[in-house]
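Asker: If it helps, the file is called my_file-v8.cif and holds mmCIF, C-alpha atoms and all ligand atoms:
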data_my_file
#
loop_
_atom_site.label_atom_id
_atom_site.label_comp_id
_atom_site.auth_asym_id
_atom_site.auth_seq_id
_atom_site.Cartn_x
_atom_site.Cartn_y
_atom_site.Cartn_z
CA MET A 1 5.09 28.98 -15.88
CA ASN A 2 1.59 30.44 -15.89
CA TYR A 3 1.16 30.37 -12.13
CA SER A 4 -0.88 33.29 -10.83
CA GLN A 5 0.74 36.11 -8.90
CA THR A 6 -1.47 35.10 -5.96
CA THR A 7 0.05 31.63 -5.97
CA LEU A 8 3.59 32.85 -6.44
CA THR A 9 3.40 35.39 -3.64
CA MET A 10 1.34 33.27 -1.23
CA LYS A 11 2.98 32.79 2.16
CA SER A 12 3.31 29.39 3.71
CA SER A 13 2.94 28.71 7.40
CA MET A 14 6.52 28.57 8.70
CA ILE A 15 5.12 26.74 11.71
CA ARG A 16 4.74 23.47 9.85
CA GLU A 17 8.30 23.65 8.57
CA LEU A 18 9.73 24.39 12.00
CA VAL A 19 7.70 21.64 13.65
CA ALA A 20 8.85 19.23 10.92
CA ILE A 21 12.55 19.78 11.69
CA THR A 22 11.98 18.95 15.35
CA LYS A 23 10.38 15.60 14.49
CA GLY A 24 12.10 12.25 14.31
CA VAL A 25 15.10 13.42 16.38
CA PRO A 26 15.75 10.66 18.96
CA GLY A 27 15.33 11.93 22.53
CA MET A 28 13.77 15.22 21.41
CA ILE A 29 11.28 16.78 23.83
CA SER A 30 9.05 18.96 21.75
CA PHE A 31 6.94 21.87 22.92
CA ALA A 32 6.83 23.01 19.30
CA GLY A 33 3.79 21.30 17.77
CA GLY A 34 0.17 22.25 18.08
CA PHE A 35 -1.22 18.76 17.77
CA PRO A 36 -3.76 17.24 20.14
CA ASN A 37 -2.41 14.19 21.90
CA PRO A 38 -3.51 11.08 19.95
CA VAL A 39 -4.25 9.35 23.25
CA THR A 40 -7.33 11.60 23.44
CA PHE A 41 -8.80 10.47 20.12
CA PRO A 42 -12.09 8.56 20.75
CA ARG A 43 -11.07 5.79 18.39
CA GLU A 44 -13.43 3.03 19.44
CA SER A 45 -16.59 5.07 19.92
CA LEU A 46 -16.05 7.10 16.76
CA SER A 47 -15.28 4.07 14.61
CA GLU A 48 -18.65 2.60 15.65
CA GLU A 49 -20.42 5.78 14.53
CA TYR A 50 -18.52 5.77 11.22
CA ARG A 51 -19.58 2.16 10.65
CA LEU A 52 -23.22 3.04 11.30
CA ALA A 53 -22.97 6.18 9.14
CA VAL A 54 -22.07 3.92 6.21
CA ASP A 55 -23.96 0.70 7.07
CA GLU A 56 -27.26 2.27 8.09
CA ASP A 57 -27.17 5.69 6.45
CA GLY A 58 -25.01 4.89 3.41
CA ALA A 59 -27.71 5.58 0.81
CA ASP A 60 -27.70 9.12 2.15
CA THR A 61 -24.13 9.67 3.26
CA LEU A 62 -22.34 8.19 0.24
CA GLN A 63 -24.47 10.41 -2.00
CA TYR A 64 -23.85 14.11 -2.79
CA GLY A 65 -25.12 16.08 0.18
CA ALA A 66 -26.37 19.60 0.83
CA SER A 67 -23.65 22.27 0.74
CA GLU A 68 -25.20 23.83 3.85
CA GLY A 69 -24.36 20.72 5.85
CA ASP A 70 -25.97 17.51 7.07
CA GLU A 71 -29.38 18.20 8.59
CA GLN A 72 -28.89 15.72 11.43
CA LEU A 73 -25.56 17.28 12.34
CA LYS A 74 -27.06 20.77 12.26
CA ARG A 75 -29.84 19.62 14.59
CA GLU A 76 -27.22 18.39 17.05
CA LEU A 77 -25.23 21.61 16.71
CA LEU A 78 -28.33 23.69 17.45
CA LYS A 79 -28.79 21.74 20.69
CA LEU A 80 -25.13 22.06 21.58
CA GLU A 81 -24.98 25.79 20.96
CA ASN A 82 -28.28 26.46 22.70
CA GLU A 83 -28.40 29.99 21.28
CA PRO A 84 -31.93 31.43 21.64
CA GLY A 85 -33.60 31.83 18.26
CA LEU A 86 -30.77 30.20 16.29
CA THR A 87 -32.00 28.46 13.11
CA PRO A 88 -30.33 25.84 10.86
CA ASN A 89 -29.96 28.52 8.15
CA GLU A 90 -27.56 30.38 10.43
CA ILE A 91 -25.14 27.43 10.59
CA LEU A 92 -22.74 26.22 7.93
CA VAL A 93 -20.80 22.99 8.43
CA THR A 94 -17.20 23.40 7.26
CA ALA A 95 -14.11 21.24 6.80
CA GLY A 96 -12.55 22.58 9.99
CA ALA A 97 -12.02 26.14 11.17
CA THR A 98 -9.44 27.03 8.51
CA HIS A 99 -12.00 26.34 5.77
CA ALA A 100 -14.56 28.54 7.53
CA ILE A 101 -12.04 31.35 7.97
CA TYR A 102 -11.03 31.18 4.30
CA MET A 103 -14.64 31.21 3.02
CA TYR A 104 -15.65 34.02 5.38
CA THR A 105 -12.70 36.08 4.13
CA ARG A 106 -13.57 35.38 0.47
CA THR A 107 -17.12 36.48 1.26
CA PHE A 108 -16.09 39.86 2.64
CA VAL A 109 -12.74 40.83 1.16
CA ASP A 110 -11.82 42.40 -2.16
CA PRO A 111 -8.13 42.64 -3.05
CA GLY A 112 -6.44 45.27 -0.91
CA ASP A 113 -9.06 45.24 1.87
CA VAL A 114 -7.74 45.03 5.38
CA VAL A 115 -8.40 42.46 8.11
CA LEU A 116 -7.25 43.24 11.62
CA SER A 117 -6.00 40.60 14.02
CA GLU A 118 -4.53 40.23 17.46
CA SER A 119 -0.77 40.53 17.43
CA PRO A 120 0.55 37.88 17.91
CA SER A 121 -2.01 35.53 16.37
CA PHE A 122 -2.24 32.07 14.80
CA LEU A 123 -0.14 32.16 11.64
CA GLY A 124 -2.15 29.36 9.95
CA SER A 125 -5.24 31.59 9.98
CA LEU A 126 -3.35 34.73 9.00
CA VAL A 127 -1.89 33.10 5.88
CA ALA A 128 -5.35 31.74 4.96
CA ILE A 129 -6.82 35.24 5.32
CA GLU A 130 -4.00 36.70 3.22
CA ALA A 131 -4.39 33.96 0.59
CA ALA A 132 -8.06 34.95 0.36
CA GLY A 133 -6.94 38.44 -0.69
CA ALA A 134 -6.69 40.51 2.49
CA GLU A 135 -3.90 42.58 3.96
CA VAL A 136 -3.61 41.58 7.62
CA LEU A 137 -2.65 44.26 10.13
CA GLY A 138 -1.99 43.49 13.78
CA VAL A 139 -3.47 45.26 16.79
CA ASP A 140 -1.47 45.22 20.02
CA SER A 141 -2.81 42.93 22.72
CA ASP A 142 -2.03 42.55 26.40
CA ASN A 143 -2.95 39.97 29.04
CA GLU A 144 -6.67 40.74 28.61
CA GLY A 145 -6.73 40.55 24.80
CA ILE A 146 -6.79 43.25 22.14
CA ILE A 147 -6.37 46.77 23.54
CA PRO A 148 -9.55 48.62 22.45
CA ALA A 149 -7.78 52.01 22.20
CA ARG A 150 -5.22 50.48 19.81
CA LEU A 151 -8.05 49.00 17.79
CA GLY A 152 -9.61 52.46 17.45
CA GLU A 153 -6.23 53.92 16.43
CA ARG A 154 -5.70 51.23 13.78
CA LEU A 155 -9.17 51.84 12.36
CA GLU A 156 -8.57 55.61 12.24
CA GLU A 157 -5.19 55.06 10.59
CA CYS A 158 -6.75 52.82 7.92
CA HIS A 159 -9.49 55.39 7.37
CA ARG A 160 -6.86 58.12 6.83
CA LEU A 161 -5.01 55.89 4.34
CA ASN A 162 -8.25 55.11 2.52
CA LYS A 163 -8.01 51.43 3.35
CA ARG A 164 -11.22 49.52 3.90
CA VAL A 165 -11.22 47.36 7.02
CA LYS A 166 -13.65 44.47 6.66
CA PHE A 167 -13.36 42.56 9.91
CA LEU A 168 -11.41 41.80 13.05
CA TYR A 169 -10.15 38.23 13.53
CA VAL A 170 -9.97 37.16 17.20
CA ILE A 171 -9.17 33.96 19.10
CA PRO A 172 -10.80 34.82 22.44
CA GLU A 173 -10.19 31.66 24.47
CA PHE A 174 -6.78 30.18 25.30
CA GLN A 175 -5.43 31.97 22.29
CA ASN A 176 -2.97 30.40 19.92
CA PRO A 177 -0.14 31.26 20.49
CA THR A 178 -0.41 33.08 23.85
CA GLY A 179 -2.95 31.07 25.85
CA ILE A 180 -4.65 34.36 26.79
CA THR A 181 -8.42 34.57 27.24
CA THR A 182 -9.98 37.92 26.37
CA SER A 183 -11.79 39.29 29.43
CA GLU A 184 -15.52 39.97 29.33
CA ALA A 185 -15.01 43.72 29.77
CA ARG A 186 -12.63 43.74 26.81
CA ARG A 187 -15.03 41.72 24.68
CA LEU A 188 -17.74 44.30 25.31
CA GLU A 189 -15.42 47.20 24.50
CA ILE A 190 -14.18 45.52 21.30
CA ILE A 191 -17.77 44.84 20.16
CA ALA A 192 -18.62 48.51 20.78
CA VAL A 193 -15.67 49.66 18.65
CA ALA A 194 -16.50 47.17 15.86
CA ARG A 195 -20.10 48.36 15.80
CA GLU A 196 -19.05 52.01 15.78
CA TYR A 197 -16.83 51.44 12.72
CA GLY A 198 -19.19 48.98 11.03
CA ILE A 199 -16.76 46.06 10.83
CA GLY A 200 -17.41 42.38 11.53
CA ILE A 201 -15.79 40.23 14.20
CA LEU A 202 -14.68 36.72 13.24
CA GLU A 203 -14.54 34.82 16.52
CA ASP A 204 -12.41 31.68 16.13
CA ASN A 205 -12.88 29.42 19.13
CA PRO A 206 -11.33 25.97 18.74
CA TYR A 207 -10.08 25.75 22.35
CA GLY A 208 -13.05 27.01 24.41
CA GLN A 209 -14.09 23.53 25.56
CA LEU A 210 -10.57 22.76 26.78
CA ARG A 211 -10.93 24.60 30.09
CA TYR A 212 -9.10 22.89 32.97
CA PHE A 213 -9.44 25.56 35.68
CA GLY A 214 -11.75 28.50 36.42
CA THR A 215 -15.07 29.44 34.84
CA GLY A 216 -15.99 30.35 31.27
CA ILE A 217 -16.87 33.73 29.77
CA PRO A 218 -19.77 34.37 27.33
CA SER A 219 -18.67 34.41 23.71
CA PHE A 220 -18.38 37.62 21.68
CA ARG A 221 -21.42 36.38 19.78
CA THR A 222 -23.49 35.93 22.96
CA LEU A 223 -22.43 39.31 24.35
CA ALA A 224 -23.29 41.12 21.08
CA ARG A 225 -26.72 39.48 21.09
CA GLU A 226 -27.44 40.06 24.78
CA LYS A 227 -26.17 43.64 24.99
CA TYR A 228 -27.09 44.99 21.54
CA ASN A 229 -29.57 42.46 20.14
CA ASP A 230 -26.95 42.18 17.38
CA ARG A 231 -26.74 38.82 15.56
CA HIS A 232 -24.88 40.24 12.61
CA THR A 233 -21.58 41.71 13.80
CA VAL A 234 -20.06 38.51 15.23
CA THR A 235 -19.53 35.28 13.27
CA LEU A 236 -18.50 32.39 15.47
CA VAL A 237 -16.29 29.57 14.17
CA LYS A 238 -15.85 26.29 16.03
CA SER A 239 -13.93 23.13 15.28
CA PHE A 240 -13.94 19.47 16.27
CA SER A 241 -10.18 19.27 15.62
CA LYS A 242 -9.16 19.58 19.25
CA ILE A 243 -11.98 17.53 20.77
CA LEU A 244 -12.38 14.64 18.32
CA GLY A 245 -9.37 14.78 16.02
CA PRO A 246 -8.12 17.17 13.33
CA GLY A 247 -8.05 14.38 10.74
CA ILE A 248 -11.83 14.34 10.40
CA ARG A 249 -11.76 18.00 9.21
CA MET A 250 -14.97 19.10 10.84
CA GLY A 251 -16.04 22.51 12.05
CA TYR A 252 -18.87 25.00 11.67
CA MET A 253 -19.71 28.64 11.39
CA ILE A 254 -22.59 30.55 12.98
CA SER A 255 -23.62 33.86 11.47
CA ASP A 256 -26.63 35.69 10.08
CA GLU A 257 -28.54 33.98 7.30
CA ARG A 258 -27.21 36.19 4.52
CA THR A 259 -23.56 35.69 5.43
CA ILE A 260 -24.08 31.92 5.74
CA SER A 261 -25.75 31.87 2.34
CA HIS A 262 -22.79 33.72 0.74
CA CYS A 263 -20.26 31.44 2.44
CA CYS A 264 -22.30 28.44 1.26
CA SER A 265 -21.98 29.77 -2.24
CA TRP A 266 -18.18 29.57 -1.83
CA MET A 267 -18.61 26.04 -0.53
CA GLN A 268 -20.52 25.05 -3.69
CA LYS A 269 -17.64 26.28 -5.83
CA THR A 270 -14.87 24.60 -3.88
CA THR A 271 -15.57 21.50 -1.80
CA VAL A 272 -19.27 21.12 -2.83
CA THR A 273 -19.98 19.61 0.59
CA VAL A 274 -18.02 18.64 3.64
CA ASP A 275 -17.45 14.83 3.78
CA CYS A 276 -21.00 13.50 4.35
CA VAL A 277 -19.92 10.30 6.12
CA SER A 278 -17.90 12.24 8.67
CA GLN A 279 -20.73 14.70 9.22
CA ARG A 280 -23.16 11.90 9.99
CA ALA A 281 -20.66 10.04 12.15
CA VAL A 282 -20.15 13.19 14.23
CA ALA A 283 -23.93 13.78 14.37
CA ARG A 284 -24.40 10.23 15.65
CA PHE A 285 -21.54 10.64 18.13
CA ILE A 286 -23.18 13.73 19.62
CA ALA A 287 -26.71 12.24 19.55
CA ALA A 288 -25.44 9.17 21.42
CA GLY A 289 -24.33 11.46 24.27
CA LYS A 290 -20.64 10.71 23.71
CA LEU A 291 -19.37 14.28 23.31
CA GLU A 292 -19.59 15.53 26.90
CA PRO A 293 -17.73 12.49 28.37
CA GLN A 294 -15.14 12.86 25.60
CA ILE A 295 -14.54 16.52 26.50
CA THR A 296 -14.31 15.63 30.21
CA ARG A 297 -11.75 12.94 29.36
CA ILE A 298 -9.60 15.41 27.42
CA ARG A 299 -9.77 17.99 30.18
CA ASP A 300 -8.71 15.41 32.74
CA TYR A 301 -5.86 14.34 30.48
CA TYR A 302 -4.43 17.82 29.72
CA ARG A 303 -5.01 19.41 33.15
CA PRO A 304 -1.96 17.79 34.82
CA GLN A 305 0.15 18.64 31.78
CA LEU A 306 -0.68 22.34 32.03
CA GLN A 307 -0.10 22.22 35.79
CA ALA A 308 3.25 20.49 35.28
CA MET A 309 4.37 23.13 32.81
CA LEU A 310 3.37 25.99 35.11
CA ASP A 311 5.12 24.33 38.08
CA ALA A 312 8.27 23.52 36.09
CA LEU A 313 8.53 27.07 34.72
CA GLN A 314 8.12 28.43 38.24
CA LYS A 315 10.85 26.13 39.52
CA PHE A 316 13.46 26.44 36.76
CA MET A 317 13.13 29.71 34.83
CA PRO A 318 15.48 32.53 35.78
CA ALA A 319 14.28 35.98 36.82
CA ASN A 320 13.40 38.40 33.95
CA VAL A 321 11.50 35.67 32.18
CA SER A 322 7.70 35.85 32.22
CA TRP A 323 4.95 33.63 30.91
CA THR A 324 1.18 33.55 30.60
CA ARG A 325 -0.90 31.43 32.96
CA PRO A 326 -3.73 30.02 30.86
CA GLU A 327 -6.59 28.09 32.44
CA GLY A 328 -6.97 25.82 29.41
CA GLY A 329 -6.06 25.24 25.77
CA MET A 330 -2.78 23.81 24.56
CA PHE A 331 -0.21 26.62 24.73
CA LEU A 332 1.45 29.19 26.86
CA TRP A 333 3.63 32.09 25.85
CA MET A 334 6.96 33.07 27.29
CA GLU A 335 8.80 36.36 27.10
CA VAL A 336 12.56 36.56 27.67
CA PRO A 337 14.70 39.72 27.96
CA GLU A 338 14.54 41.79 24.78
CA LYS A 339 18.17 41.27 23.75
CA ILE A 340 17.66 37.52 23.42
CA ASN A 341 16.60 36.31 20.00
CA THR A 342 14.52 33.15 20.36
CA ASP A 343 15.02 32.32 16.65
CA GLU A 344 18.72 31.88 17.51
CA VAL A 345 18.11 30.03 20.78
CA PHE A 346 15.86 27.63 18.79
CA VAL A 347 18.91 26.25 16.94
CA LYS A 348 20.80 25.62 20.21
CA ALA A 349 17.71 24.16 21.83
CA ARG A 350 17.39 21.66 19.02
CA GLU A 351 20.96 20.49 19.68
CA LEU A 352 20.01 20.08 23.33
CA LYS A 353 16.94 18.12 22.28
CA VAL A 354 14.25 20.49 23.37
CA ALA A 355 12.03 22.35 20.90
CA TYR A 356 9.61 25.28 21.01
CA LEU A 357 8.29 27.70 18.42
CA PRO A 358 9.98 31.09 18.18
CA GLY A 359 7.38 33.81 18.77
CA SER A 360 8.47 35.84 15.74
CA LYS A 361 6.51 33.45 13.52
CA PHE A 362 3.17 34.54 14.98
CA TYR A 363 3.11 38.24 14.21
CA PRO A 364 1.52 39.85 11.17
CA SER A 365 4.29 41.05 8.80
CA GLY A 366 6.10 44.11 10.05
CA SER A 367 5.24 43.80 13.74
CA GLU A 368 7.51 40.89 14.73
CA HIS A 369 9.07 40.57 18.17
CA TYR A 370 12.03 38.24 18.63
CA ASN A 371 12.09 37.66 22.39
CA THR A 372 9.03 35.44 22.72
CA MET A 373 8.23 31.75 22.33
CA ARG A 374 5.22 29.43 22.24
CA LEU A 375 5.25 26.33 24.41
CA ASN A 376 2.82 23.48 23.77
CA PHE A 377 1.86 21.25 26.69
CA SER A 378 -0.73 18.92 25.10
CA TYR A 379 1.72 16.61 23.36
CA PRO A 380 4.59 15.91 25.80
CA THR A 381 4.12 13.75 28.90
CA VAL A 382 4.33 15.26 32.39
CA GLU A 383 7.79 13.73 32.79
CA GLN A 384 8.97 15.18 29.49
CA ILE A 385 7.57 18.58 30.47
CA TRP A 386 9.71 18.67 33.64
CA ILE A 387 12.87 17.59 31.83
CA GLY A 388 12.26 19.81 28.80
CA VAL A 389 11.54 22.94 30.83
CA GLU A 390 14.71 22.38 32.88
CA ARG A 391 16.75 22.09 29.65
CA LEU A 392 15.15 25.19 28.23
CA ALA A 393 15.71 27.14 31.44
CA GLY A 394 19.42 26.21 31.29
CA LEU A 395 19.67 27.55 27.76
CA ILE A 396 17.87 30.78 28.56
CA THR A 397 19.98 31.33 31.68
CA GLN A 398 23.06 30.88 29.49
CA ALA A 399 21.70 33.29 26.85
CA ILE A 400 20.99 35.91 29.53
CA GLN A 401 24.55 35.54 30.85
CA GLU A 402 26.02 35.84 27.34
CA VAL A 403 24.03 39.02 26.72
CA SER A 404 25.13 40.56 30.02
CA ASN A 405 28.78 39.53 29.46
CA GLY A 406 28.62 41.10 25.99
CA GLN A 407 27.21 44.30 27.49
CA SER A 408 29.87 44.58 30.22
CA ARG A 409 32.72 43.99 27.76
C1 LIG B 501 -6.73 29.42 16.60
C2 LIG B 501 -6.84 28.34 15.60
N1 LIG B 501 -7.71 28.44 14.61
C3 LIG B 501 -7.84 27.46 13.70
C4 LIG B 501 -7.07 26.33 13.75
C5 LIG B 501 -7.26 25.27 12.69
O1 LIG B 501 -8.30 24.45 13.05
P1 LIG B 501 -8.92 23.38 12.04
O2 LIG B 501 -8.16 22.12 12.22
O3 LIG B 501 -10.33 23.26 12.53
O4 LIG B 501 -8.84 23.93 10.66
C6 LIG B 501 -6.15 26.16 14.77
C7 LIG B 501 -5.32 24.94 14.83
O5 LIG B 501 -4.34 24.84 15.50
C8 LIG B 501 -6.03 27.20 15.72
O6 LIG B 501 -5.14 27.11 16.72
#
Please lay out the structure from this file as structure tokens.
Answerer:
Amino acid sequence: MNYSQTTLTMKSSMIRELVAITKGVPGMISFAGGFPNPVTFPRESLSEEYRLAVDEDGADTLQYGASEGDEQLKRELLKLENEPGLTPNEILVTAGATHAIYMYTRTFVDPGDVVLSESPSFLGSLVAIEAAGAEVLGVDSDNEGIIPARLGERLEECHRLNKRVKFLYVIPEFQNPTGITTSEARRLEIIAVAREYGIGILEDNPYGQLRYFGTGIPSFRTLAREKYNDRHTVTLVKSFSKILGPGIRMGYMISDERTISHCCSWMQKTTVTVDCVSQRAVARFIAAGKLEPQITRIRDYYRPQLQAMLDALQKFMPANVSWTRPEGGMFLWMEVPEKINTDEVFVKARELKVAYLPGSKFYPSGSEHYNTMRLNFSYPTVEQIWIGVERLAGLITQAIQEVSNGQSR
């Protein structure tokens, strides 16, 4: 009965609930989930590192560890990141990206403060940011990422309404849900606006290593450092969820020393440390040179799945349907004619044994669109992708016909 207002008004991520109702249905082809394919988990090589992390390092790893993170892991992360001048005090090991995003928000936000995000964005992060006390407002994005002019307008609007904006949350590579990668020109413009208004940028990049085609773009953090010698505006969050397995709950945050120290203070009051055995096992995994081959293996595994989805959409989807063409990640985003509500088509699709996530679930409150959907290609097989896209195309063609019949009546 004494639950706090925060608890009682906290939003849940509808995504989990929707994915759950598509599971366990015989014959279902699901593009709904956001899970890595378990085939990609490095079970054998990781289990060896876990064994060593207990057998050889157990006196250390079964003990309470430093809240800042395992020193050996941080040494490996410094090598991986290869950021000039980066020190261990600018890295905090976290229990995945969500944990980092929550602690960063707690560090910066007082109740009522505003956080801006791409619209649409990853609902799991938005609800974590809201649970940490922020009001999340969306900024319109296009195929190159957030539109800088809209960002400026949002900031001006908040200023007029006396709302304090603390930071901008972005997913720059193979965004969840759209698959879009923010262009370099956009990144530079967005950094300039953030610096002008004195707000931070929280750069969440769990998919960057999953590039199957094309060449990479420097991170927001690198660009801010190279162009403005600014190591303060951008905090970069990375995760091992999509390259090793989300079950190990391992990620990290790179920021200036003061921000890391404040976030670490939140760590001390919540989880104390991230699981020390897992940290050491991951450190050993990287030190043994197993990470690069693992990433190559995943890329080789997902590349044909993305290609199959792009080819199947091209072959089966009717005109007036468009979709993004990501070069990596796990998702793409489809837009159908405005009169079609993908929340409604979802119910019919389920009967036809094909599932996706309605796009409406990915917008900050108040800016929902109902004619979009997220399609995941990391979980289904190539064969399932072809069959599932054909089923979905049939449904959408039917929905378009129904709308046009309704209009001509
Ligand atoms: C953009 C984005 N951020 C964060 C997460 C959560 O990652 P983690 O498992 O590291 O908490 C996800 C997971 O799907 C994601 O897509």
Asker: All residues within 6 Å of ligand LIG 501 (chain B) are required, counting all atoms listed in the file; please report them as a ChimeraX atom specification.
Answerer: /A:34,96-98,122,171,176,204,206,239,241,246,251
Asker: Give me the residues within 12 Å of Thr259 in chain A as number ranges by chain, counting only C-alpha atoms and dropping any in the same chain fewer than 3 places off.
Answerer: A: 89-92, 100, 103-108, 200, 202, 231-236, 253-256, 262-266
Asker: Enter the distance from CA of Val389 in chain A to CA of Val354 in chain A, in Å, rounded to one decimal.
Answerer: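 Interatomic distance, CA of Val389 in chain A to CA of Val354 in chain A: 8.3 Å.
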Asker: Which polymer residues have any atom within 10 Å of an atom of Pro88 in chain A, counting only C-alpha atoms, with same-chain residues fewer than 6 positions away left out, as a list in words?
Answerer: Glu68, Gly69, Glu71, Leu73, Lys74, Arg75, Leu77, Leu78, Ile254 and Glu257 of chain A
Asker: Find the residue from A:Tyr207, A:Met317, A:Val114, A:Pro177 that sits nearest to Glu157 in chain A; use only C-alpha atoms when measuring.
Answerer: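 Ranking A:Tyr207, A:Met317, A:Val114, A:Pro177 by distance to Glu157 in chain A, first place goes to A:Val114.
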Asker: Quick check, in Å to one decimal: how far apart do CA of Lys11 in chain A and CA of Glu118 in chain A lie?
Answerer: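 Going from CA of Lys11 in chain A over to CA of Glu118 in chain A covers 18.6 Å.
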Asker: What is the CA of Arg211 in chain A-CA of Phe167 in chain A distance in Å, reported with one decimal?
Answerer: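 These atoms are spaced 27.1 Å apart.
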Asker: Find, counting only C-alpha atoms, the residue in A:Asn229, A:Val193, A:Gln279, A:Met373 that gets nearest to Pro84 in chain A.
Answerer: A:Asn229
Asker: Return the single residue from A:Gly388, A:Gly152, A:Gly245, A:Pro120 that is closest to Pro36 in chain A, with distances computed using all atoms listed in the file.
Answerer: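 Ranking A:Gly388, A:Gly152, A:Gly245, A:Pro120 by distance to Pro36 in chain A, first place goes to A:Gly245.
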Asker: Tell me which residues come within 9 Å of (-14.1, 23.8, 25.6), as a VMD selection string, counting all atoms listed in the file in the file's coordinates.
Answerer: chain A and resid 173 205 to 212 216 243 295 299 328 to 329
Asker: I'd like to know which of A:Gln384, A:Ser278, A:Ser125, A:Thr324 is closest to Tyr50 in chain A, using all atoms listed in the file.
Answerer: A:Ser278
Asker: Using all atoms listed in the file, pick whichever of A:Glu196, A:Glu56, A:Asp113, A:Glu390 has the shortest atom-to-atom distance to Ala132 in chain A.
Answerer: A:Asp113
Asker: When distances are computed from only C-alpha atoms, which of A:Ser117, A:Ser404, A:Gln398, A:Asn371 shows the smallest separation from Glu335 in chain A?
Answerer: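 Looking at the shortest contact to Glu335 in chain A, the residue is A:Asn371.
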Asker: In the coordinate frame of the file, compute which residues have an atom within 6 Å of (-21.0, 7.3, 4.1) when using all atoms listed in the file, and state them as a ChimeraX atom specification.
Answerer: /A:53-54,58,61-62,277
Asker: Would you save range 241-253 of chain A from the block above with N, CA, C and O atoms, as a PDB file, in the first residue's frame?
Answerer:
ATOM      1  N   SER A 241      26.334  -7.155 -24.840  1.00  0.00           N
ATOM      2  CA  SER A 241      25.114  -7.968 -25.007  1.00  0.00           C
ATOM      3  C   SER A 241      24.986  -8.556 -26.403  1.00  0.00           C
ATOM      4  O   SER A 241      24.557  -9.686 -26.564  1.00  0.00           O
ATOM      5  N   LYS A 242      25.333  -7.776 -27.420  1.00  0.00           N
ATOM      6  CA  LYS A 242      25.079  -8.233 -28.784  1.00  0.00           C
ATOM      7  C   LYS A 242      26.284  -8.949 -29.384  1.00  0.00           C
ATOM      8  O   LYS A 242      26.182  -9.518 -30.457  1.00  0.00           O
ATOM      9  N   ILE A 243      27.430  -8.907 -28.677  1.00  0.00           N
ATOM     10  CA  ILE A 243      28.601  -9.592 -29.254  1.00  0.00           C
ATOM     11  C   ILE A 243      29.040 -10.805 -28.442  1.00  0.00           C
ATOM     12  O   ILE A 243      29.687 -11.690 -28.975  1.00  0.00           O
ATOM     13  N   LEU A 244      28.676 -10.865 -27.153  1.00  0.00           N
ATOM     14  CA  LEU A 244      28.966 -12.070 -26.377  1.00  0.00           C
ATOM     15  C   LEU A 244      27.673 -12.746 -25.925  1.00  0.00           C
ATOM     16  O   LEU A 244      27.532 -13.960 -26.029  1.00  0.00           O
ATOM     17  N   GLY A 245      26.757 -11.980 -25.403  1.00  0.00           N
ATOM     18  CA  GLY A 245      25.484 -12.528 -24.933  1.00  0.00           C
ATOM     19  C   GLY A 245      24.906 -11.612 -23.870  1.00  0.00           C
ATOM     20  O   GLY A 245      25.641 -11.204 -22.956  1.00  0.00           O
ATOM     21  N   PRO A 246      23.617 -11.281 -23.976  1.00  0.00           N
ATOM     22  CA  PRO A 246      23.035 -10.334 -23.013  1.00  0.00           C
ATOM     23  C   PRO A 246      22.949 -10.884 -21.597  1.00  0.00           C
ATOM     24  O   PRO A 246      22.866 -10.135 -20.634  1.00  0.00           O
ATOM     25  N   GLY A 247      23.019 -12.227 -21.463  1.00  0.00           N
ATOM     26  CA  GLY A 247      22.898 -12.830 -20.135  1.00  0.00           C
ATOM     27  C   GLY A 247      24.052 -12.495 -19.203  1.00  0.00           C
ATOM     28  O   GLY A 247      23.900 -12.544 -17.980  1.00  0.00           O
ATOM     29  N   ILE A 248      25.208 -12.138 -19.770  1.00  0.00           N
ATOM     30  CA  ILE A 248      26.346 -11.855 -18.877  1.00  0.00           C
ATOM     31  C   ILE A 248      26.266 -10.443 -18.308  1.00  0.00           C
ATOM     32  O   ILE A 248      27.030 -10.115 -17.404  1.00  0.00           O
ATOM     33  N   ARG A 249      25.326  -9.614 -18.801  1.00  0.00           N
ATOM     34  CA  ARG A 249      25.123  -8.256 -18.293  1.00  0.00           C
ATOM     35  C   ARG A 249      26.442  -7.499 -18.166  1.00  0.00           C
ATOM     36  O   ARG A 249      26.915  -7.227 -17.055  1.00  0.00           O
ATOM     37  N   MET A 250      27.012  -7.164 -19.259  1.00  0.00           N
ATOM     38  CA  MET A 250      28.316  -6.494 -19.232  1.00  0.00           C
ATOM     39  C   MET A 250      28.351  -5.354 -20.246  1.00  0.00           C
ATOM     40  O   MET A 250      28.033  -5.556 -21.417  1.00  0.00           O
ATOM     41  N   GLY A 251      28.714  -4.187 -19.751  1.00  0.00           N
ATOM     42  CA  GLY A 251      28.869  -3.035 -20.629  1.00  0.00           C
ATOM     43  C   GLY A 251      29.827  -2.061 -19.976  1.00  0.00           C
ATOM     44  O   GLY A 251      30.411  -2.365 -18.934  1.00  0.00           O
ATOM     45  N   TYR A 252      29.983  -0.889 -20.566  1.00  0.00           N
ATOM     46  CA  TYR A 252      30.838   0.118 -19.943  1.00  0.00           C
ATOM     47  C   TYR A 252      30.508   1.506 -20.463  1.00  0.00           C
ATOM     48  O   TYR A 252      29.824   1.659 -21.482  1.00  0.00           O
ATOM     49  N   MET A 253      31.013   2.475 -19.701  1.00  0.00           N
ATOM     50  CA  MET A 253      30.716   3.865 -20.003  1.00  0.00           C
ATOM     51  C   MET A 253      32.037   4.622 -20.048  1.00  0.00           C
ATOM     52  O   MET A 253      32.915   4.372 -19.214  1.00  0.00           O
TER      53      MET A 253
END
